[in-house]
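Okay, so here's the structure we're looking at.
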Amino acid sequence: MKKNYYLYLTFVSLFTLSIKWVLLILDGETNLNSSVLFNLEDTQYFPIVYSLAEFNFSPTYLDNIESKIIGFPILGAFIHAIFFKFIGVYSFIFLEYIFQIIFLIILFRVILNIFEDYKKSFYFLIYLLLTYSLLGILSIYQDSYIFKNLYHLFDNNFGTRYPRPLITGVLVFSALYLILDFKKQLFKSFENNYVIKISIILGLLLNTFFYYFIIFSFLLSLIFLININKNLISKILFKKLSLFVLVFLVFLIPFLFQNIYSEPDYSIRIGLIEISNEKKLFLITYLLKKLLSLKFFPFLLFASLSFYYSNNYLRKYTEKLNIFFYLIISSILSTIIFIILSPGIISIYHFADIILFSLVLYFSLIFFTATYKFLNKTKFFNIFFSDSAIIIFFFIFLMLDGFYAVNNFKEKRELINEAAKLENFLADKNINNTNLKLFSNDRIASNLWLLNDNSNLLISDGFTNSLKNSQIEYNYINNLKHFGFSEKKFKNFISFGKSEVRNNFFLTLFIYRYQANSLYTYSDKKYYTPYFQDVIINTSPFRAQNQIMPEDEKKRLLDLFTNHEVDSNLTADYIIINYSLISEYFEILNNDYTEIFSTKKYKVYSR
């Protein structure tokens, strides 16, 4: 009987993942490479896998140009890189199934560790997945901030986006599974096997999603302090700590090496900013105000009341449920401590997301446990918790998930078909395994270029290359000037004198380099237009995604453009432009280039 639950979980994974592939096959107008890229959900990460598969840790996507190693935590992409090396793009499909099955099994094991009852644990998992699917449907049909944000909160922790949460989700819930047994292991002076497992999981989190590493480390320390006494402090405990440190060093050394020797400009592009004591005080004050605000404090109060209720009325599960309350406390306190101690921060909004998710997870567990206990004594129990009821809810979940997948496919269908046409064009023209240089503003086009074993991208996503910022600027100025841009056209292209939020072209090249919020601006605020100065002041310091290029930077780029002499060795052989993602002022004026192919969104030019 126990085996049946794991078969059900495998079926859930196979069904939910297969829907999107079946839809693509039935559509008949899609190709393998473009379909896989879209189903990754975040095509930004593919070039890193591609580079690692070639054992290239300093990707520039340009022959004869060297750089320092990339700062991206490569362990999260390592398994995909190995499989990609041997089975190509099929690796993404295969590993998606494998990791999703593993994830659901681990999630189920976490729940089973709490309730110690297979049927009850399976009920909770189905209700959790049903809530996830229902929020997905509501986010489509209801223009509600709450529904959309709740859905994204679930999707960022239970979804299949590569690499987060497809890879990190397995590690996060594996860590939670081990942490649930931490107290028991503490009183046993820790088994070697347990110490090795938890040090490996924490080491992997450090190298994949270090925010959870920080929070879980604090959580373990908190549980230790709550339960420790003088009798437990012994030489054996220190021996176990030595074992933990020894194993953890295996993961800490590459982490430190990568951070020391990676390209500094890469860290800036992914949002690293130095923070002074003044900024630390501002950030902590802002966080505390938000936590104590009327929008958030009632949830913290309710969590505290739930903690009291659990310890007095749900005593059978108190010890394990308390861990999730401590997770809320740890996510808040570790964020504050990290801000105080760290000389810099990077994409700190991840801490805020984890605080929210820990609250939602704790509320879900308390609500389910309390409801189950209450209904178990009433005639309504069979309506929600009988075998027939769970089968009905199980199929409702599958129907909702399928319905969401169909709607999601409809939204992306035109984009996928456009990419398929581009893929067919590259195949028809036999553009593969070349050293030809591509200029493109489109990630899908660049990825298809790489998948066809063409090695040179004149401009690439700033997240996936280890070039210096000056090299990126040189390459795009060199090509714009080669395309025939005048000084006036270049001014219009970069919106000189007219600040704008999240310019697609610069966002691709520089990611979070030009973040602008109440905590940080790239330049002095006087270099932003009056309107955007007000926008910046009122933008949350957690909003690293708010990107505005200041006017002094545009002036610097304009000077570079004016004084630039074209290097013919770094000009495009092919140009693929997605005109829906670029300024209306972009235009190819050099008669050396001819338009040879077009779709609704793409135009392809050849020299």
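Note on naming: chains are A, B, ... as they come in the structure tokens, residues start from 1 per chain, ligands start from 1 in the order shown.
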Using only C-alpha atoms, determine which residues lie at most 10 Å from Phe154 of chain A, disregarding the query and same-chain residues fewer than 6 positions distant; provide the list as a ChimeraX atom specification. /A:128-129,131-133,135-136,357,360-361
Each residue of segment 334-405 of chain A lying at most 10 Å from segment 312-319 of chain A should get a row with its shortest atom-to-atom pair and the distance in Å to one decimal, counting only C-alpha atoms; could you produce that, ordered by chain and increasing number, as a Markdown table?
```
| residue | atom | partner | partner_atom | distance |
| --- | --- | --- | --- | --- |
| A:Ile366 | CA | A:Leu314 | CA | 8.9 |
| A:Thr369 | CA | A:Leu314 | CA | 7.7 |
| A:Ala370 | CA | A:Leu314 | CA | 7.4 |
| A:Lys373 | CA | A:Leu314 | CA | 8.5 |
```
Among segment 249-430 of chain A, which ones does DSSP assign to alpha helix (DSSP H) (computed from the backbone)? Answer as a ChimeraX atom specification. /A:249-261,264-269,277-291,297-313,318-341,349-375,381-385,387-428
So, counting only C-alpha atoms, which residue among A:Lys526, A:Lys2, A:Arg543, A:Lys421 is closest to Lys600 of chain A? A:Lys421
Show which residues sit within 10 Å of Lys491 of chain A, as JSON, numbers by chain. Count only C-alpha atoms, and ignore same-chain residues fewer than 2 positions away. {"A": [485, 486, 487, 488, 489, 493, 494, 495, 496, 497, 498, 554, 555, 557, 558, 561, 585]}
Take the residues that were just selected and, keeping all heavy atoms, output them as a CSV table (one decimal), in the first residue's frame.
```csv
chain,number,residue,atom,x,y,z
A,485,PHE,N,24.5,53.7,-37.8
A,485,PHE,CA,23.9,54.6,-36.8
A,485,PHE,C,24.6,56.0,-36.9
A,485,PHE,O,25.8,56.0,-36.8
A,485,PHE,CB,23.9,54.1,-35.4
A,485,PHE,CG,22.7,53.2,-35.1
A,485,PHE,CD1,22.3,52.2,-35.9
A,485,PHE,CD2,22.0,53.5,-33.9
A,485,PHE,CE1,21.2,51.4,-35.5
A,485,PHE,CE2,20.9,52.7,-33.5
A,485,PHE,CZ,20.5,51.7,-34.4
A,486,SER,N,23.8,57.0,-36.9
A,486,SER,CA,24.4,58.4,-36.8
A,486,SER,C,24.4,58.7,-35.3
A,486,SER,O,23.8,58.0,-34.5
A,486,SER,CB,23.6,59.4,-37.5
A,486,SER,OG,22.3,59.5,-37.0
A,487,GLU,N,25.0,59.8,-34.9
A,487,GLU,CA,25.0,60.3,-33.5
A,487,GLU,C,23.6,60.5,-33.1
A,487,GLU,O,23.2,60.2,-32.0
A,487,GLU,CB,25.9,61.5,-33.4
A,487,GLU,CG,26.1,61.9,-31.9
A,487,GLU,CD,27.0,63.1,-31.8
A,487,GLU,OE1,28.1,63.1,-32.4
A,487,GLU,OE2,26.7,64.0,-31.0
A,488,LYS,N,22.8,61.1,-34.0
A,488,LYS,CA,21.4,61.5,-33.6
A,488,LYS,C,20.6,60.2,-33.4
A,488,LYS,O,19.8,60.1,-32.5
A,488,LYS,CB,20.8,62.3,-34.7
A,488,LYS,CG,19.3,62.7,-34.5
A,488,LYS,CD,18.8,63.5,-35.6
A,488,LYS,CE,17.3,63.9,-35.3
A,488,LYS,NZ,16.7,64.7,-36.4
A,489,LYS,N,20.8,59.2,-34.3
A,489,LYS,CA,20.1,58.0,-34.2
A,489,LYS,C,20.5,57.2,-32.9
A,489,LYS,O,19.6,56.6,-32.2
A,489,LYS,CB,20.3,57.1,-35.4
A,489,LYS,CG,19.5,55.7,-35.3
A,489,LYS,CD,19.5,55.0,-36.7
A,489,LYS,CE,18.5,55.6,-37.6
A,489,LYS,NZ,17.1,55.4,-37.2
A,493,PHE,N,18.2,56.0,-29.9
A,493,PHE,CA,18.2,54.6,-29.5
A,493,PHE,C,18.3,54.4,-28.0
A,493,PHE,O,17.7,53.5,-27.4
A,493,PHE,CB,19.3,53.9,-30.3
A,493,PHE,CG,19.3,52.4,-30.0
A,493,PHE,CD1,18.3,51.5,-30.4
A,493,PHE,CD2,20.4,51.9,-29.3
A,493,PHE,CE1,18.4,50.2,-30.2
A,493,PHE,CE2,20.5,50.5,-29.1
A,493,PHE,CZ,19.5,49.7,-29.5
A,494,ILE,N,19.2,55.2,-27.4
A,494,ILE,CA,19.4,55.0,-26.0
A,494,ILE,C,18.5,55.9,-25.1
A,494,ILE,O,18.7,56.1,-23.9
A,494,ILE,CB,20.9,55.3,-25.6
A,494,ILE,CG1,21.3,56.7,-25.9
A,494,ILE,CG2,21.8,54.3,-26.3
A,494,ILE,CD1,22.7,57.1,-25.4
A,495,SER,N,17.6,56.6,-25.8
A,495,SER,CA,16.6,57.5,-25.1
A,495,SER,C,17.4,58.6,-24.4
A,495,SER,O,17.1,58.9,-23.2
A,495,SER,CB,15.7,56.7,-24.2
A,495,SER,OG,14.9,55.8,-24.9
A,496,PHE,N,18.3,59.2,-25.0
A,496,PHE,CA,19.1,60.3,-24.4
A,496,PHE,C,18.2,61.4,-24.0
A,496,PHE,O,17.4,62.0,-24.8
A,496,PHE,CB,20.1,60.8,-25.4
A,496,PHE,CG,21.2,61.7,-24.8
A,496,PHE,CD1,22.3,61.2,-24.2
A,496,PHE,CD2,21.0,63.1,-24.9
A,496,PHE,CE1,23.2,62.0,-23.6
A,496,PHE,CE2,22.0,63.9,-24.3
A,496,PHE,CZ,23.1,63.4,-23.7
A,497,GLY,N,18.3,61.8,-22.7
A,497,GLY,CA,17.5,62.9,-22.2
A,497,GLY,C,16.1,62.5,-21.8
A,497,GLY,O,15.3,63.3,-21.3
A,498,LYS,N,15.8,61.2,-21.9
A,498,LYS,CA,14.4,60.7,-21.6
A,498,LYS,C,14.6,59.3,-20.8
A,498,LYS,O,14.7,58.3,-21.5
A,498,LYS,CB,13.6,60.4,-22.9
A,498,LYS,CG,13.3,61.7,-23.7
A,498,LYS,CD,12.5,61.4,-24.9
A,498,LYS,CE,13.3,60.6,-25.9
A,498,LYS,NZ,12.5,60.4,-27.2
A,554,LYS,N,24.5,57.7,-20.2
A,554,LYS,CA,24.1,57.8,-21.6
A,554,LYS,C,25.1,58.8,-22.2
A,554,LYS,O,25.5,58.6,-23.4
A,554,LYS,CB,22.7,58.3,-21.7
A,554,LYS,CG,21.7,57.3,-21.3
A,554,LYS,CD,20.3,57.9,-21.4
A,554,LYS,CE,19.2,56.9,-20.9
A,554,LYS,NZ,17.8,57.4,-21.0
A,555,LYS,N,25.5,59.8,-21.5
A,555,LYS,CA,26.5,60.8,-22.1
A,555,LYS,C,27.8,60.1,-22.3
A,555,LYS,O,28.5,60.3,-23.3
A,555,LYS,CB,26.6,62.0,-21.1
A,555,LYS,CG,27.7,63.0,-21.5
A,555,LYS,CD,27.3,63.7,-22.8
A,555,LYS,CE,28.1,64.9,-23.1
A,555,LYS,NZ,29.5,64.6,-23.3
A,557,LEU,N,28.3,56.9,-22.8
A,557,LEU,CA,28.2,56.0,-24.0
A,557,LEU,C,28.1,56.8,-25.3
A,557,LEU,O,28.7,56.3,-26.3
A,557,LEU,CB,26.9,55.2,-23.9
A,557,LEU,CG,26.8,54.2,-22.7
A,557,LEU,CD1,25.5,53.5,-22.7
A,557,LEU,CD2,27.9,53.1,-22.9
A,558,LEU,N,27.5,58.0,-25.3
A,558,LEU,CA,27.5,58.8,-26.5
A,558,LEU,C,28.9,59.2,-26.9
A,558,LEU,O,29.2,59.2,-28.1
A,558,LEU,CB,26.6,60.0,-26.2
A,558,LEU,CG,26.4,61.0,-27.4
A,558,LEU,CD1,25.8,60.3,-28.6
A,558,LEU,CD2,25.5,62.2,-27.0
A,561,PHE,N,30.6,56.4,-28.4
A,561,PHE,CA,30.1,56.1,-29.8
A,561,PHE,C,30.7,57.2,-30.7
A,561,PHE,O,31.2,56.8,-31.8
A,561,PHE,CB,28.6,56.3,-29.8
A,561,PHE,CG,28.0,56.1,-31.1
A,561,PHE,CD1,27.6,54.8,-31.6
A,561,PHE,CD2,27.7,57.2,-31.9
A,561,PHE,CE1,27.1,54.7,-32.9
A,561,PHE,CE2,27.1,57.1,-33.2
A,561,PHE,CZ,26.8,55.8,-33.7
A,585,TYR,N,13.8,53.0,-33.0
A,585,TYR,CA,14.9,53.7,-33.7
A,585,TYR,C,15.9,52.8,-34.2
A,585,TYR,O,16.9,53.2,-34.9
A,585,TYR,CB,15.5,54.8,-32.8
A,585,TYR,CG,14.6,55.9,-32.4
A,585,TYR,CD1,14.0,55.9,-31.1
A,585,TYR,CD2,14.2,56.9,-33.3
A,585,TYR,CE1,13.1,56.9,-30.7
A,585,TYR,CE2,13.3,57.9,-32.9
A,585,TYR,CZ,12.8,57.9,-31.6
A,585,TYR,OH,11.9,58.9,-31.3
```
Measuring between only C-alpha atoms, which one of A:Val12, A:Ile346, A:Leu422, A:Ile215 shows the shortest distance to Ile275 of chain A? A:Ile346
Give me the residues near Ser446 of chain A as a VMD selection string, where near means some atom within 8 Å (using only C-alpha atoms) and where sequence neighbours in that chain fewer than 6 positions away do not count. chain A and resid 438 440 457 460
Go ahead and save the residues from that selection, with N, CA, C and O atoms, as an mmCIF file, in the first residue's frame.
```
data_model
loop_
_atom_site.group_PDB
_atom_site.id
_atom_site.type_symbol
_atom_site.label_atom_id
_atom_site.label_comp_id
_atom_site.auth_asym_id
_atom_site.auth_seq_id
_atom_site.Cartn_x
_atom_site.Cartn_y
_atom_site.Cartn_z
ATOM 1 N N LEU A 438 27.078 36.421 -34.891
ATOM 2 C CA LEU A 438 25.672 36.838 -34.849
ATOM 3 C C LEU A 438 25.498 38.042 -33.938
ATOM 4 O O LEU A 438 26.055 38.090 -32.841
ATOM 5 N N SER A 440 22.275 39.753 -32.150
ATOM 6 C CA SER A 440 20.847 39.567 -31.910
ATOM 7 C C SER A 440 20.457 40.142 -30.562
ATOM 8 O O SER A 440 21.229 40.084 -29.596
ATOM 9 N N LEU A 457 28.765 34.964 -30.584
ATOM 10 C CA LEU A 457 27.691 35.929 -30.349
ATOM 11 C C LEU A 457 28.333 37.276 -30.044
ATOM 12 O O LEU A 457 29.047 37.411 -29.054
ATOM 13 N N SER A 460 25.735 39.118 -26.002
ATOM 14 C CA SER A 460 25.045 38.019 -25.331
ATOM 15 C C SER A 460 24.476 38.528 -24.022
ATOM 16 O O SER A 460 24.829 39.616 -23.549
#
```
As a list in words, please: the residues near His564 of chain A (cut-off 9 Å, only C-alpha atoms, same-chain neighbours under 6 positions excluded). Tyr474, Ile477, Asn478 and Lys481 of chain A
Take the selection from the previous step and output its residues with N, CA and C atoms, as a tab-separated table (two decimals), in the first residue's frame.
```tsv
chain	number	residue	atom	x	y	z
A	474	TYR	N	31.82	48.01	-25.86
A	474	TYR	CA	32.60	48.13	-27.10
A	474	TYR	C	31.93	47.35	-28.23
A	477	ILE	N	28.52	49.04	-29.36
A	477	ILE	CA	28.77	50.32	-30.04
A	477	ILE	C	29.43	50.08	-31.39
A	478	ASN	N	30.35	49.15	-31.41
A	478	ASN	CA	31.05	48.81	-32.66
A	478	ASN	C	30.07	48.39	-33.73
A	481	LYS	N	27.49	51.26	-34.82
A	481	LYS	CA	28.15	52.21	-35.72
A	481	LYS	C	28.35	51.57	-37.09
```
At a cut-off of 6 Å, using only C-alpha atoms, what residues contact Pro550 of chain A? Leave out same-chain residues fewer than 2 positions from it and give the result as a PyMOL selection string. chain A and resi 527-528+552-553
Can those selected residues be exported to a file as a compact mmCIF listing (two decimals), in the first residue's frame so that it contains C-alpha atoms?
```
# COMPACT_ATOMS: atom_id res chain seq x y z
CA TYR A 527 21.31 62.46 -13.34
CA TYR A 528 17.78 61.11 -13.54
CA ASP A 552 25.48 60.73 -17.23
CA GLU A 553 25.91 57.09 -18.32
```
Identify, on the basis of only C-alpha atoms, every residue whose closest approach to segment 255-259 of chain A does not exceed 10 Å; exclude the query and any residue fewer than 5 positions from it along the same chain; express the result as a PyMOL selection string. chain A and resi 57+68-75+203-204+206-208+249-250+264+267
